[in-house]
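*Asks:* My file is model.cif. It has mmCIF, C-alpha atoms and all ligand atoms:
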data_protein
#
loop_
_atom_site.label_atom_id
_atom_site.label_comp_id
_atom_site.auth_asym_id
_atom_site.auth_seq_id
_atom_site.Cartn_x
_atom_site.Cartn_y
_atom_site.Cartn_z
CA MET A 11 -108.16 84.57 64.85
CA PRO A 12 -106.70 83.12 61.65
CA HIS A 13 -109.14 83.03 58.76
CA ALA A 14 -109.70 79.91 56.69
CA PRO A 15 -108.18 80.39 53.23
CA THR A 16 -110.63 81.47 50.52
CA PRO A 17 -110.97 79.15 47.50
CA ASP A 18 -108.84 81.64 45.55
CA GLN A 19 -106.09 81.49 48.16
CA ASP A 20 -106.36 77.71 48.10
CA ARG A 21 -106.04 77.77 44.34
CA GLU A 22 -102.99 80.05 44.45
CA GLN A 23 -101.38 77.90 47.09
CA ASP A 24 -102.08 74.64 45.27
CA GLN A 25 -100.89 75.99 41.96
CA ASP A 26 -97.74 77.28 43.65
CA GLN A 27 -97.17 73.81 44.94
CA ASP A 28 -97.80 72.07 41.66
CA PRO A 29 -95.59 73.36 38.87
CA THR A 30 -96.81 70.54 36.63
CA LEU A 31 -100.30 72.01 36.33
CA PRO A 32 -100.83 73.20 32.73
CA GLU A 33 -102.04 76.73 31.98
CA SER A 34 -105.03 75.38 30.18
CA LEU A 35 -106.65 71.95 30.08
CA VAL A 36 -109.17 70.13 27.92
CA LEU A 37 -110.22 66.83 29.42
CA VAL A 38 -111.91 64.57 26.89
CA LEU A 39 -113.95 62.04 28.80
CA HIS A 40 -114.53 58.98 26.60
CA GLY A 41 -117.43 56.87 27.87
CA ALA A 42 -118.88 59.99 29.48
CA ARG A 43 -122.35 58.48 29.83
CA GLY A 44 -121.09 55.31 31.54
CA ASP A 45 -121.02 54.02 35.09
CA LEU A 46 -117.33 54.69 35.72
CA ALA A 47 -117.66 58.30 34.58
CA ALA A 48 -120.72 58.83 36.78
CA ARG A 49 -119.39 57.10 39.85
CA MET A 50 -115.78 58.26 39.82
CA VAL A 51 -114.51 60.60 37.15
CA LEU A 52 -117.20 63.30 37.04
CA PRO A 53 -117.48 63.67 40.85
CA ALA A 54 -113.66 63.79 40.98
CA ILE A 55 -113.52 66.62 38.44
CA HIS A 56 -116.15 68.52 40.43
CA LEU A 57 -114.18 67.99 43.63
CA LEU A 58 -110.94 69.18 42.01
CA GLU A 59 -112.68 72.30 40.77
CA SER A 60 -114.29 73.05 44.14
CA ARG A 61 -110.88 72.75 45.83
CA GLY A 62 -109.23 75.00 43.26
CA LEU A 63 -107.01 72.24 41.95
CA LEU A 64 -107.77 72.68 38.24
CA PRO A 65 -106.07 75.30 36.07
CA ASP A 66 -108.02 78.55 35.65
CA ASP A 67 -108.76 77.63 32.09
CA TRP A 68 -110.27 74.17 31.77
CA ARG A 69 -113.03 72.40 29.83
CA VAL A 70 -114.50 68.93 29.80
CA ILE A 71 -115.72 67.43 26.56
CA GLY A 72 -117.79 64.33 27.22
CA THR A 73 -117.86 61.90 24.35
CA GLY A 74 -119.53 58.63 23.41
CA ARG A 75 -121.17 56.87 20.51
CA LYS A 76 -124.61 58.28 21.24
CA ASP A 77 -125.37 61.75 19.95
CA ILE A 78 -126.76 63.90 22.77
CA GLU A 79 -127.06 67.65 23.28
CA ASP A 80 -124.73 69.58 25.60
CA ALA A 81 -127.70 70.29 27.90
CA GLU A 82 -128.44 66.59 28.30
CA PHE A 83 -124.80 65.96 29.18
CA VAL A 84 -124.81 68.76 31.76
CA ALA A 85 -127.94 67.25 33.37
CA LEU A 86 -126.27 63.86 33.46
CA VAL A 87 -123.15 65.32 35.10
CA LYS A 88 -125.30 67.07 37.70
CA ASP A 89 -127.07 63.81 38.56
CA ALA A 90 -123.74 62.02 38.86
CA VAL A 91 -122.21 64.69 41.09
CA GLN A 92 -125.36 64.77 43.22
CA GLU A 93 -125.44 61.01 43.69
CA PHE A 94 -121.74 60.22 44.03
CA GLY A 95 -119.99 63.47 44.95
CA ASP A 96 -120.39 66.78 46.75
CA ALA A 97 -123.78 68.41 46.30
CA PRO A 98 -123.55 70.94 43.45
CA THR A 99 -124.84 74.35 44.51
CA GLY A 100 -126.13 77.61 42.98
CA SER A 101 -123.80 79.89 41.08
CA SER A 102 -120.73 77.72 41.59
CA TRP A 103 -122.60 74.90 39.83
CA ASP A 104 -123.52 77.25 36.94
CA ALA A 105 -119.88 78.25 36.51
CA PHE A 106 -118.89 74.58 36.56
CA ALA A 107 -121.62 73.60 34.09
CA ASP A 108 -120.47 76.31 31.64
CA ARG A 109 -117.24 74.36 31.17
CA LEU A 110 -118.99 71.14 30.08
CA GLU A 111 -119.85 70.11 26.55
CA TYR A 112 -120.55 66.94 24.61
CA ALA A 113 -119.43 65.72 21.19
CA THR A 114 -119.84 62.35 19.49
CA GLU A 115 -116.85 60.01 19.54
CA VAL A 116 -114.35 59.80 16.67
CA SER A 117 -114.29 56.67 14.59
CA ASP A 118 -111.76 55.25 12.16
CA ASP A 119 -113.52 56.62 9.12
CA GLU A 120 -115.21 59.76 10.54
CA PRO A 121 -113.49 62.70 12.23
CA GLY A 122 -116.78 63.27 14.04
CA GLU A 123 -117.80 66.24 16.13
CA LEU A 124 -115.01 65.65 18.67
CA THR A 125 -112.30 66.32 16.10
CA HIS A 126 -113.96 69.62 15.13
CA ARG A 127 -114.39 70.77 18.73
CA LEU A 128 -110.78 69.93 19.58
CA GLY A 129 -109.68 71.74 16.41
CA GLU A 130 -111.49 74.87 17.58
CA LEU A 131 -109.91 74.65 21.02
CA ALA A 132 -106.34 73.93 19.86
CA ALA A 133 -103.79 76.33 21.40
CA PRO A 134 -100.05 75.96 22.03
CA ASP A 135 -100.25 75.94 25.84
CA ARG A 136 -103.47 73.92 26.08
CA LEU A 137 -103.02 70.35 27.27
CA VAL A 138 -105.46 67.75 25.98
CA VAL A 139 -106.03 64.71 28.20
CA HIS A 140 -108.06 61.80 26.88
CA TYR A 141 -109.56 59.83 29.78
CA LEU A 142 -110.76 56.42 28.59
CA ALA A 143 -113.59 55.51 30.98
CA VAL A 144 -114.67 52.79 28.56
CA PRO A 145 -114.69 48.97 28.61
CA PRO A 146 -111.16 47.64 28.04
CA THR A 147 -112.19 46.16 24.69
CA ALA A 148 -112.59 49.74 23.44
CA PHE A 149 -109.02 50.84 24.37
CA GLU A 150 -107.43 49.72 21.11
CA PRO A 151 -110.09 50.95 18.67
CA ILE A 152 -110.34 54.34 20.37
CA THR A 153 -106.55 54.75 20.48
CA GLU A 154 -106.35 53.88 16.76
CA ALA A 155 -109.20 56.22 15.87
CA LEU A 156 -107.72 59.12 17.87
CA ALA A 157 -104.37 58.55 16.18
CA LYS A 158 -105.96 58.42 12.75
CA GLN A 159 -107.71 61.73 13.33
CA GLY A 160 -104.45 63.30 14.57
CA LEU A 161 -105.76 63.84 18.11
CA LEU A 162 -102.90 62.27 20.04
CA GLU A 163 -100.13 64.69 19.22
CA GLY A 164 -98.93 66.28 22.46
CA ALA A 165 -101.90 64.75 24.33
CA ARG A 166 -101.96 62.50 27.39
CA VAL A 167 -104.07 59.36 27.50
CA VAL A 168 -105.38 57.75 30.67
CA TYR A 169 -106.27 54.05 30.60
CA GLU A 170 -108.29 52.52 33.42
CA LYS A 171 -107.60 48.96 34.46
CA PRO A 172 -107.67 46.20 33.35
CA TYR A 173 -104.97 47.11 30.83
CA GLY A 174 -104.99 43.68 29.19
CA THR A 175 -106.15 40.59 31.01
CA ASP A 176 -103.09 38.36 30.52
CA PRO A 177 -99.51 38.87 29.33
CA ASP A 178 -100.48 38.43 25.66
CA SER A 179 -103.36 40.89 25.69
CA PHE A 180 -101.22 43.33 27.71
CA GLU A 181 -98.46 43.15 25.06
CA ALA A 182 -100.93 43.49 22.20
CA LEU A 183 -102.54 46.60 23.72
CA ASP A 184 -99.22 48.11 24.73
CA THR A 185 -97.87 47.66 21.21
CA VAL A 186 -100.81 49.61 19.76
CA VAL A 187 -100.47 52.27 22.43
CA HIS A 188 -96.74 52.71 21.83
CA ARG A 189 -97.25 52.83 18.08
CA HIS A 190 -98.98 56.16 18.64
CA LEU A 191 -97.81 57.47 22.00
CA ALA A 192 -94.55 57.96 23.88
CA GLU A 193 -94.50 56.38 27.35
CA GLU A 194 -94.57 59.86 28.97
CA GLN A 195 -97.97 60.42 27.36
CA VAL A 196 -99.48 57.24 28.82
CA TYR A 197 -101.12 56.96 32.25
CA ARG A 198 -102.27 53.53 33.43
CA ILE A 199 -104.53 54.12 36.38
CA ASP A 200 -105.26 52.09 39.47
CA HIS A 201 -107.35 54.40 41.60
CA PHE A 202 -106.78 52.39 44.80
CA LEU A 203 -103.26 53.76 44.89
CA ALA A 204 -104.66 57.27 45.27
CA LYS A 205 -107.02 56.42 48.11
CA GLU A 206 -106.31 58.22 51.34
CA GLY A 207 -106.11 54.92 53.22
CA THR A 208 -103.47 53.58 50.85
CA GLN A 209 -101.46 56.80 50.99
CA ASN A 210 -101.71 56.77 54.79
CA LEU A 211 -99.95 53.42 54.86
CA HIS A 212 -96.76 55.29 54.02
CA VAL A 213 -97.08 57.57 57.00
CA LEU A 214 -98.24 54.83 59.34
CA ARG A 215 -95.29 52.73 58.45
CA PHE A 216 -92.43 55.04 57.60
CA ALA A 217 -93.06 57.77 60.17
CA ASN A 218 -93.63 55.54 63.19
CA GLU A 219 -90.90 53.43 64.65
CA MET A 220 -93.57 51.55 66.61
CA PHE A 221 -95.04 50.17 63.36
CA ALA A 222 -91.85 50.14 61.30
CA ALA A 223 -90.21 47.85 63.83
CA VAL A 224 -92.86 45.14 63.59
CA TRP A 225 -93.54 45.37 59.84
CA ASN A 226 -91.99 42.03 58.96
CA ARG A 227 -92.34 38.27 59.21
CA GLU A 228 -90.81 38.13 62.63
CA HIS A 229 -93.83 39.93 64.08
CA VAL A 230 -96.62 39.59 61.50
CA LEU A 231 -98.50 36.31 61.26
CA GLN A 232 -100.77 37.22 58.35
CA VAL A 233 -101.70 40.24 56.22
CA GLN A 234 -105.32 40.65 55.10
CA VAL A 235 -106.62 42.99 52.42
CA ASP A 236 -110.43 43.03 52.39
CA VAL A 237 -112.72 44.89 50.03
CA PRO A 238 -116.24 43.50 50.52
CA GLU A 239 -118.91 45.46 48.65
CA THR A 240 -122.69 45.60 49.01
CA LEU A 241 -122.78 46.95 45.44
CA ASP A 242 -123.91 44.68 42.63
CA VAL A 243 -123.16 44.98 38.93
CA ALA A 244 -126.54 45.85 37.45
CA ASN A 245 -125.25 49.03 35.71
CA ARG A 246 -122.27 47.38 34.10
CA ALA A 247 -123.32 43.77 33.68
CA GLU A 248 -121.82 43.34 30.24
CA PHE A 249 -118.37 44.50 31.32
CA TYR A 250 -118.50 42.65 34.62
CA ASP A 251 -119.69 39.35 33.18
CA ALA A 252 -116.69 39.34 30.84
CA THR A 253 -114.31 40.28 33.66
CA GLY A 254 -115.21 38.84 37.09
CA ALA A 255 -113.87 39.59 40.55
CA ALA A 256 -110.40 38.08 40.05
CA LEU A 257 -109.60 40.41 37.15
CA ASP A 258 -111.69 43.36 38.31
CA MET A 259 -110.33 43.48 41.86
CA LEU A 260 -107.70 40.86 42.72
CA VAL A 261 -104.95 41.24 40.14
CA THR A 262 -105.47 44.99 40.08
CA HIS A 263 -106.49 46.81 43.27
CA LEU A 264 -105.76 44.06 45.78
CA PHE A 265 -102.36 43.22 44.30
CA GLN A 266 -101.42 46.91 44.23
CA THR A 267 -102.53 47.35 47.84
CA ALA A 268 -100.65 44.22 48.91
CA ALA A 269 -97.55 45.61 47.21
CA GLU A 270 -98.01 48.89 49.08
CA VAL A 271 -98.03 46.97 52.37
CA ALA A 272 -95.07 44.82 51.38
CA LEU A 273 -92.71 47.26 49.69
CA GLU A 274 -89.29 48.10 51.05
CA THR A 275 -88.70 51.70 52.17
CA PRO A 276 -88.44 53.74 48.96
CA ALA A 277 -85.69 56.32 48.50
CA THR A 278 -88.33 59.10 48.69
CA LEU A 279 -92.12 59.27 48.63
CA ALA A 280 -92.10 60.66 45.06
CA ALA A 281 -94.35 58.70 42.69
CA ASP A 282 -91.44 57.21 40.69
CA ALA A 283 -89.60 56.00 43.77
CA VAL A 284 -92.71 54.40 45.27
CA ARG A 285 -93.58 52.79 41.92
CA GLU A 286 -90.10 51.32 41.65
CA ALA A 287 -90.37 49.90 45.17
CA ARG A 288 -93.77 48.41 44.32
CA GLU A 289 -92.48 46.88 41.10
CA GLU A 290 -89.64 45.28 43.01
CA VAL A 291 -92.19 43.60 45.30
CA PHE A 292 -94.20 42.34 42.31
CA ARG A 293 -91.10 40.50 41.13
CA HIS A 294 -91.30 38.49 44.36
CA PHE A 295 -94.99 37.59 44.17
CA ARG A 296 -95.18 33.80 43.98
CA GLU A 297 -97.40 32.62 41.14
CA LEU A 298 -100.84 31.77 42.54
CA ASP A 299 -101.77 28.12 42.43
CA PRO A 300 -105.50 28.24 41.52
CA ALA A 301 -106.16 24.86 43.16
CA GLU A 302 -104.40 25.65 46.44
CA ASP A 303 -104.58 29.39 46.84
CA VAL A 304 -107.77 30.69 45.22
CA VAL A 305 -111.47 30.41 46.02
CA LEU A 306 -114.06 31.86 43.65
CA GLY A 307 -117.78 32.32 44.23
CA GLN A 308 -120.86 33.82 42.65
CA PHE A 309 -123.72 35.48 44.54
CA GLU A 310 -127.18 34.00 44.27
CA GLY A 311 -129.31 35.73 41.68
CA TYR A 312 -126.31 36.97 39.65
CA THR A 313 -127.43 35.21 36.47
CA ASP A 314 -130.89 36.87 36.71
CA ILE A 315 -129.32 40.29 36.11
CA ASP A 316 -130.02 41.75 32.66
CA GLY A 317 -126.93 41.50 30.52
CA VAL A 318 -125.53 38.47 32.38
CA ASP A 319 -125.54 35.10 30.57
CA ASP A 320 -128.06 32.67 32.08
CA ASP A 321 -125.35 30.06 32.52
CA SER A 322 -122.56 32.47 33.46
CA THR A 323 -119.86 31.11 35.76
CA THR A 324 -118.23 34.50 36.24
CA ASP A 325 -116.83 34.98 39.74
CA THR A 326 -118.35 37.76 41.81
CA TYR A 327 -116.25 36.78 44.86
CA VAL A 328 -112.57 35.99 45.12
CA ALA A 329 -110.33 35.03 48.00
CA ALA A 330 -106.66 34.36 47.39
CA ARG A 331 -103.66 33.47 49.48
CA LEU A 332 -100.59 35.18 48.12
CA TRP A 333 -96.99 34.52 49.14
CA ILE A 334 -94.42 37.24 48.74
CA ASP A 335 -90.95 35.77 48.73
CA THR A 336 -88.89 38.65 50.04
CA GLU A 337 -86.63 38.50 53.03
CA ARG A 338 -89.18 40.59 54.93
CA TRP A 339 -92.31 38.55 54.10
CA ARG A 340 -91.23 34.97 53.35
CA GLY A 341 -93.73 32.60 55.00
CA VAL A 342 -96.38 35.25 55.75
CA PRO A 343 -99.64 34.67 53.84
CA PHE A 344 -101.31 37.72 52.31
CA VAL A 345 -105.03 36.94 52.28
CA LEU A 346 -106.82 39.05 49.66
CA ARG A 347 -110.64 39.04 49.49
CA SER A 348 -113.29 40.95 47.61
CA GLY A 349 -116.82 40.32 46.40
CA LYS A 350 -120.01 41.95 45.23
CA ARG A 351 -123.38 42.00 47.00
CA LEU A 352 -121.94 41.04 50.38
CA ALA A 353 -123.42 41.96 53.74
CA GLY A 354 -121.27 45.07 54.25
CA SER A 355 -118.79 47.35 52.48
CA ALA A 356 -115.28 48.01 53.71
CA GLN A 357 -111.77 48.65 52.42
CA ARG A 358 -109.43 47.33 55.05
CA VAL A 359 -105.84 46.25 55.53
CA THR A 360 -105.23 44.13 58.64
CA LEU A 361 -101.93 42.92 59.99
CA LEU A 362 -102.33 40.06 62.46
CA LEU A 363 -99.45 40.12 64.88
CA ARG A 364 -97.86 37.06 66.38
CA SER A 365 -98.63 36.53 70.06
CA PRO A 366 -95.83 37.70 72.27
CA ARG A 367 -94.52 35.33 74.88
CA ASP A 368 -97.02 35.94 77.65
CA PRO A 369 -95.63 34.94 81.06
CA SER A 370 -99.14 34.96 82.61
CA ARG A 371 -100.04 32.01 80.35
CA ALA A 372 -96.91 30.04 81.06
CA PRO A 373 -97.62 26.75 82.88
CA ARG A 374 -97.14 27.13 86.60
CA PRO A 375 -94.24 25.17 87.95
CA THR A 376 -95.56 21.94 89.46
CA PRO A 377 -94.92 21.77 93.19
CA SER A 378 -91.75 19.96 93.86
CA ALA A 379 -92.08 16.43 95.21
CA SER A 380 -89.49 17.10 97.78
CA PRO A 381 -89.95 20.66 98.90
CA CYS A 382 -87.08 22.42 100.35
CA THR A 383 -87.64 23.04 103.98
CA ALA A 384 -85.96 25.67 105.84
CA THR A 385 -84.64 24.58 109.15
CA GLY A 386 -83.82 26.88 111.88
O1 LIG B 1 -112.35 49.59 39.93
C1 LIG B 1 -113.25 49.18 40.61
O2 LIG B 1 -113.37 49.64 41.89
C2 LIG B 1 -114.64 49.64 42.51
C3 LIG B 1 -114.38 49.87 44.00
O3 LIG B 1 -113.74 51.07 44.17
P1 LIG B 1 -114.38 52.29 44.96
O4 LIG B 1 -113.35 53.34 44.94
O5 LIG B 1 -115.66 52.61 44.30
O6 LIG B 1 -114.64 51.80 46.33
C4 LIG B 1 -115.37 48.35 42.29
O7 LIG B 1 -116.69 48.45 42.78
C5 LIG B 1 -115.43 48.05 40.80
O8 LIG B 1 -116.05 46.79 40.58
C6 LIG B 1 -114.05 48.04 40.20
O9 LIG B 1 -114.14 47.95 38.78
#
Take the structure in this file and express it as structure tokens.
Ligand SMILES: O=C1O[C@H](COP(=O)(O)O)[C@@H](O)[C@H](O)[C@H]1O

*Replies:*
Amino acid sequence: MPHAPTPDQDREQDQDQDPTLPESLVLVLHGARGDLAARMVLPAIHLLESRGLLPDDWRVIGTGRKDIEDAEFVALVKDAVQEFGDAPTGSSWDAFADRLEYATEVSDDEPGELTHRLGELAAPDRLVVHYLAVPPTAFEPITEALAKQGLLEGARVVYEKPYGTDPDSFEALDTVVHRHLAEEQVYRIDHFLAKEGTQNLHVLRFANEMFAAVWNREHVLQVQVDVPETLDVANRAEFYDATGAALDMLVTHLFQTAAEVALETPATLAADAVREAREEVFRHFRELDPAEDVVLGQFEGYTDIDGVDDDSTTDTYVAARLWIDTERWRGVPFVLRSGKRLAGSAQRVTLLLRSPRDPSRAPRPTPSASPCTATG
């Protein structure tokens, strides 16, 4: 009987497959005490480690404005992994926890503890990745402070969405980012693109003639992308109240997912080729008409949440009808919907197919007034 691979074999295999993995990695998690870190980033790091997908030599330095001890950070990571990830267990948890530490964030005028810790860890083959799990308003000041303290040289920086909230704020942020970083150092993340369901769209569509053949306006009546959530925003009210569903979900995750459904067959499934194909689709998105194509809503009780303005009109629900003017999709509405505190949670792409011509529903021929009679 074949044996399942051991974690070490998995690690060897994965590292063989991924020549881009650095020898040694320091991941600096900015906003390490926040909701995004707890819900997504920390459980993801734990999962990568348990699957042997991190380099042998790695460390995480959590950072934030508050000064806490390493032990407090480790406890916080354990809670996050327990609640949102795989249960941490025994000695493997201890080995994981040994790689975690905490240092206070840099500021413009203070190198802070983070600069010292990174100084101690500096080595020629050690890659430093700054992951900014912070509110978007903090992207610019943190980038400037890291640059001022000399912490961006050779590093990579990951920005979560929204990366700007309109063309002007996008340009302003991108100008600051490019003042200090080359494009190859910058990663703008939309985690919906990495979801298994999104990735599976490629296989569903490109590896199956049955689906490939009907993936167009001739056969599809409507495309729906639905992300209802039971979740509310109590842990991140300040961020959410300044953002709302349209910016938090529609123009980010739902647009990206719609583009994944709509893209033309890329040259290969490599990230660059798929991104190019997606960008080509974005060029054909028709501008949304807010009066005709968009419905916004707010759940009852939203303004009672601590941190939300009493008279807030922030949208917690959005539904939009998007038109994609490509040869393949002209005339097919893409209905994109998402909201907080709804009755159920789901992440679903639906293609409604046109009805085929069904002969069983065709009107029966009316009996002829002058039937033919056969005579013998
Ligand atoms: O980025 C975000 O995504 C989450 C939904 O993603 P999931 O992977 O947790 O299902 C959403 O709740 C959040 O508001 C938004 O900022």

*Asks:* Give me, as a compact mmCIF listing (two decimals) with C-alpha atoms, in the frame of the given file, the set of residues whose atoms come within 10 Å of any atom of ligand LIG 1 (chain B), counting all atoms listed in the file.

*Replies:*
# COMPACT_ATOMS: atom_id res chain seq x y z
CA ASP A 45 -121.02 54.02 35.09
CA LEU A 46 -117.33 54.69 35.72
CA ARG A 49 -119.39 57.10 39.85
CA MET A 50 -115.78 58.26 39.82
CA PHE A 94 -121.74 60.22 44.03
CA GLU A 170 -108.29 52.52 33.42
CA LYS A 171 -107.60 48.96 34.46
CA PRO A 172 -107.67 46.20 33.35
CA ILE A 199 -104.53 54.12 36.38
CA ASP A 200 -105.26 52.09 39.47
CA HIS A 201 -107.35 54.40 41.60
CA PHE A 202 -106.78 52.39 44.80
CA ALA A 204 -104.66 57.27 45.27
CA LYS A 205 -107.02 56.42 48.11
CA VAL A 237 -112.72 44.89 50.03
CA PRO A 238 -116.24 43.50 50.52
CA GLU A 239 -118.91 45.46 48.65
CA THR A 240 -122.69 45.60 49.01
CA LEU A 241 -122.78 46.95 45.44
CA ASP A 242 -123.91 44.68 42.63
CA VAL A 243 -123.16 44.98 38.93
CA ARG A 246 -122.27 47.38 34.10
CA PHE A 249 -118.37 44.50 31.32
CA TYR A 250 -118.50 42.65 34.62
CA THR A 253 -114.31 40.28 33.66
CA GLY A 254 -115.21 38.84 37.09
CA ALA A 255 -113.87 39.59 40.55
CA LEU A 257 -109.60 40.41 37.15
CA ASP A 258 -111.69 43.36 38.31
CA MET A 259 -110.33 43.48 41.86
CA LEU A 260 -107.70 40.86 42.72
CA THR A 262 -105.47 44.99 40.08
CA HIS A 263 -106.49 46.81 43.27
CA THR A 326 -118.35 37.76 41.81
CA SER A 348 -113.29 40.95 47.61
CA GLY A 349 -116.82 40.32 46.40
CA LYS A 350 -120.01 41.95 45.23
CA SER A 355 -118.79 47.35 52.48
CA ALA A 356 -115.28 48.01 53.71
CA GLN A 357 -111.77 48.65 52.42

*Asks:* Please, which residues are within 12 Å of (-125.5, 63.0, 38.4) by the file's coordinates, counting only C-alpha atoms, and could they come as number ranges by chain?

*Replies:* A: 42-53, 56, 82-98

*Asks:* Can you work out which one of A:His229, A:Lys158, A:Arg136, A:Arg75 has the shortest atom-to-atom distance to Glu33 of chain A, counting all atoms listed in the file?

*Replies:*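 Of A:His229, A:Lys158, A:Arg136, A:Arg75, the one nearest Glu33 of chain A is A:Arg136, counting all atoms listed in the file.
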
*Asks:* Would you kindly return, as a VMD selection string, each protein, DNA or RNA residue with an atom no farther than 12 Å from any atom of Gly164 of chain A, considering all atoms listed in the file and excluding same-chain residues fewer than 5 positions away?

*Replies:* chain A and resid 132 to 140 157 190 to 196

*Asks:* Quick one: residues within 10 Å of segment 147-154 of chain A, all atoms listed in the file counted, chain neighbours fewer than 5 positions away excluded, as an NGL selection string?

*Replies:* :A and (40-41 or 115-118 or 140 or 142 or 159-162 or 167 or 169-170 or 172-174 or 182-187 or 189-191 or 249)

*Asks:* For Ala244 of chain A, which of A:Glu59, A:Asp316, A:Glu130, A:Asp77 is the closest residue, counting all atoms listed in the file?

*Replies:*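 Using all atoms listed in the file, Ala244 of chain A sits closest to A:Asp316.
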
*Asks:* Please indicate the distance in Å from atom CA of Asp335 of chain A to atom CA of Arg296 of chain A, rounded to one decimal place.

*Replies:* 6.7 Å

*Asks:* Using all atoms listed in the file, which residues sit within 12 Å of Glu297 of chain A once same-chain residues fewer than 4 positions away are excluded, as a PyMOL selection string?

*Replies:* chain A and resi 261+292-293+301-304+330-335

*Asks:* With all atoms listed in the file as the basis for distance, which of A:Thr324, A:Gln232, A:Asn218, A:Thr275 is at the shortest distance from Ser365 of chain A?

*Replies:*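 Counting all atoms listed in the file, the residue closest to Ser365 of chain A is A:Gln232.
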
*Asks:* Suppose you want the space between atom CA of Arg166 of chain A and atom CA of Arg127 of chain A; what is it in Å?

*Replies:*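 Answer for the atom CA of Arg166 of chain A to atom CA of Arg127 of chain A separation: 17.3 Å.
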
*Asks:* Using all atoms listed in the file, find the one residue out of A:Asp104, A:Glu228, A:Glu290, A:Asp236 that sits nearest to Pro276 of chain A.

*Replies:*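 Among the listed residues, A:Glu290 lies closest to Pro276 of chain A.
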
*Asks:* So which one's closest to Trp339 of chain A, A:His294, A:His212, A:Arg61, A:Arg285? Using only C-alpha atoms, please.

*Replies:*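 Using only C-alpha atoms, Trp339 of chain A sits closest to A:His294.
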
*Asks:* In Å, how far is it from atom CA of Asp119 of chain A to atom CA of Ala165 of chain A?

*Replies:* 20.8 Å

*Asks:* Around (-99.3, 52.9, 55.9) in the file's own coordinates, what residues are found within 12 Å if you use all atoms listed in the file, given back as a count of residues only?

*Replies:* 30

*Asks:* With N, CA and C atoms as the atom set, please write segment 173-187 of chain A from the structure just given, as a PDB file, in the first residue's frame.

*Replies:*
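Output saved as selection.pdb:
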ATOM      1  N   TYR A 173      -6.978  49.575  -2.282  1.00  0.00           N
ATOM      2  CA  TYR A 173      -5.745  50.310  -2.556  1.00  0.00           C
ATOM      3  C   TYR A 173      -6.181  51.612  -3.223  1.00  0.00           C
ATOM      4  N   GLY A 174      -6.594  52.576  -2.403  1.00  0.00           N
ATOM      5  CA  GLY A 174      -7.244  53.780  -2.929  1.00  0.00           C
ATOM      6  C   GLY A 174      -8.719  53.496  -3.107  1.00  0.00           C
ATOM      7  N   THR A 175      -9.523  54.555  -3.028  1.00  0.00           N
ATOM      8  CA  THR A 175     -10.974  54.345  -3.140  1.00  0.00           C
ATOM      9  C   THR A 175     -11.552  55.036  -4.365  1.00  0.00           C
ATOM     10  N   ASP A 176     -10.732  55.745  -5.107  1.00  0.00           N
ATOM     11  CA  ASP A 176     -11.140  56.343  -6.388  1.00  0.00           C
ATOM     12  C   ASP A 176      -9.846  56.585  -7.175  1.00  0.00           C
ATOM     13  N   PRO A 177      -9.967  56.987  -8.449  1.00  0.00           N
ATOM     14  CA  PRO A 177      -8.734  57.125  -9.236  1.00  0.00           C
ATOM     15  C   PRO A 177      -7.718  58.076  -8.594  1.00  0.00           C
ATOM     16  N   ASP A 178      -8.208  59.171  -7.979  1.00  0.00           N
ATOM     17  CA  ASP A 178      -7.259  60.136  -7.402  1.00  0.00           C
ATOM     18  C   ASP A 178      -6.513  59.561  -6.207  1.00  0.00           C
ATOM     19  N   SER A 179      -7.279  58.881  -5.314  1.00  0.00           N
ATOM     20  CA  SER A 179      -6.584  58.348  -4.131  1.00  0.00           C
ATOM     21  C   SER A 179      -5.702  57.157  -4.525  1.00  0.00           C
ATOM     22  N   PHE A 180      -6.089  56.420  -5.574  1.00  0.00           N
ATOM     23  CA  PHE A 180      -5.218  55.349  -6.081  1.00  0.00           C
ATOM     24  C   PHE A 180      -3.891  55.954  -6.557  1.00  0.00           C
ATOM     25  N   GLU A 181      -3.987  57.014  -7.375  1.00  0.00           N
ATOM     26  CA  GLU A 181      -2.765  57.644  -7.916  1.00  0.00           C
ATOM     27  C   GLU A 181      -1.889  58.185  -6.798  1.00  0.00           C
ATOM     28  N   ALA A 182      -2.539  58.833  -5.813  1.00  0.00           N
ATOM     29  CA  ALA A 182      -1.764  59.446  -4.726  1.00  0.00           C
ATOM     30  C   ALA A 182      -0.999  58.359  -3.959  1.00  0.00           C
ATOM     31  N   LEU A 183      -1.684  57.261  -3.654  1.00  0.00           N
ATOM     32  CA  LEU A 183      -1.026  56.177  -2.902  1.00  0.00           C
ATOM     33  C   LEU A 183       0.070  55.531  -3.757  1.00  0.00           C
ATOM     34  N   ASP A 184      -0.258  55.297  -5.021  1.00  0.00           N
ATOM     35  CA  ASP A 184       0.712  54.622  -5.888  1.00  0.00           C
ATOM     36  C   ASP A 184       1.974  55.471  -6.089  1.00  0.00           C
ATOM     37  N   THR A 185       1.792  56.785  -6.084  1.00  0.00           N
ATOM     38  CA  THR A 185       2.961  57.661  -6.238  1.00  0.00           C
ATOM     39  C   THR A 185       3.877  57.506  -5.024  1.00  0.00           C
ATOM     40  N   VAL A 186       3.286  57.504  -3.832  1.00  0.00           N
ATOM     41  CA  VAL A 186       4.109  57.325  -2.620  1.00  0.00           C
ATOM     42  C   VAL A 186       4.795  55.958  -2.663  1.00  0.00           C
ATOM     43  N   VAL A 187       4.020  54.943  -3.014  1.00  0.00           N
ATOM     44  CA  VAL A 187       4.579  53.585  -3.032  1.00  0.00           C
ATOM     45  C   VAL A 187       5.754  53.504  -4.011  1.00  0.00           C
TER      46      VAL A 187
END
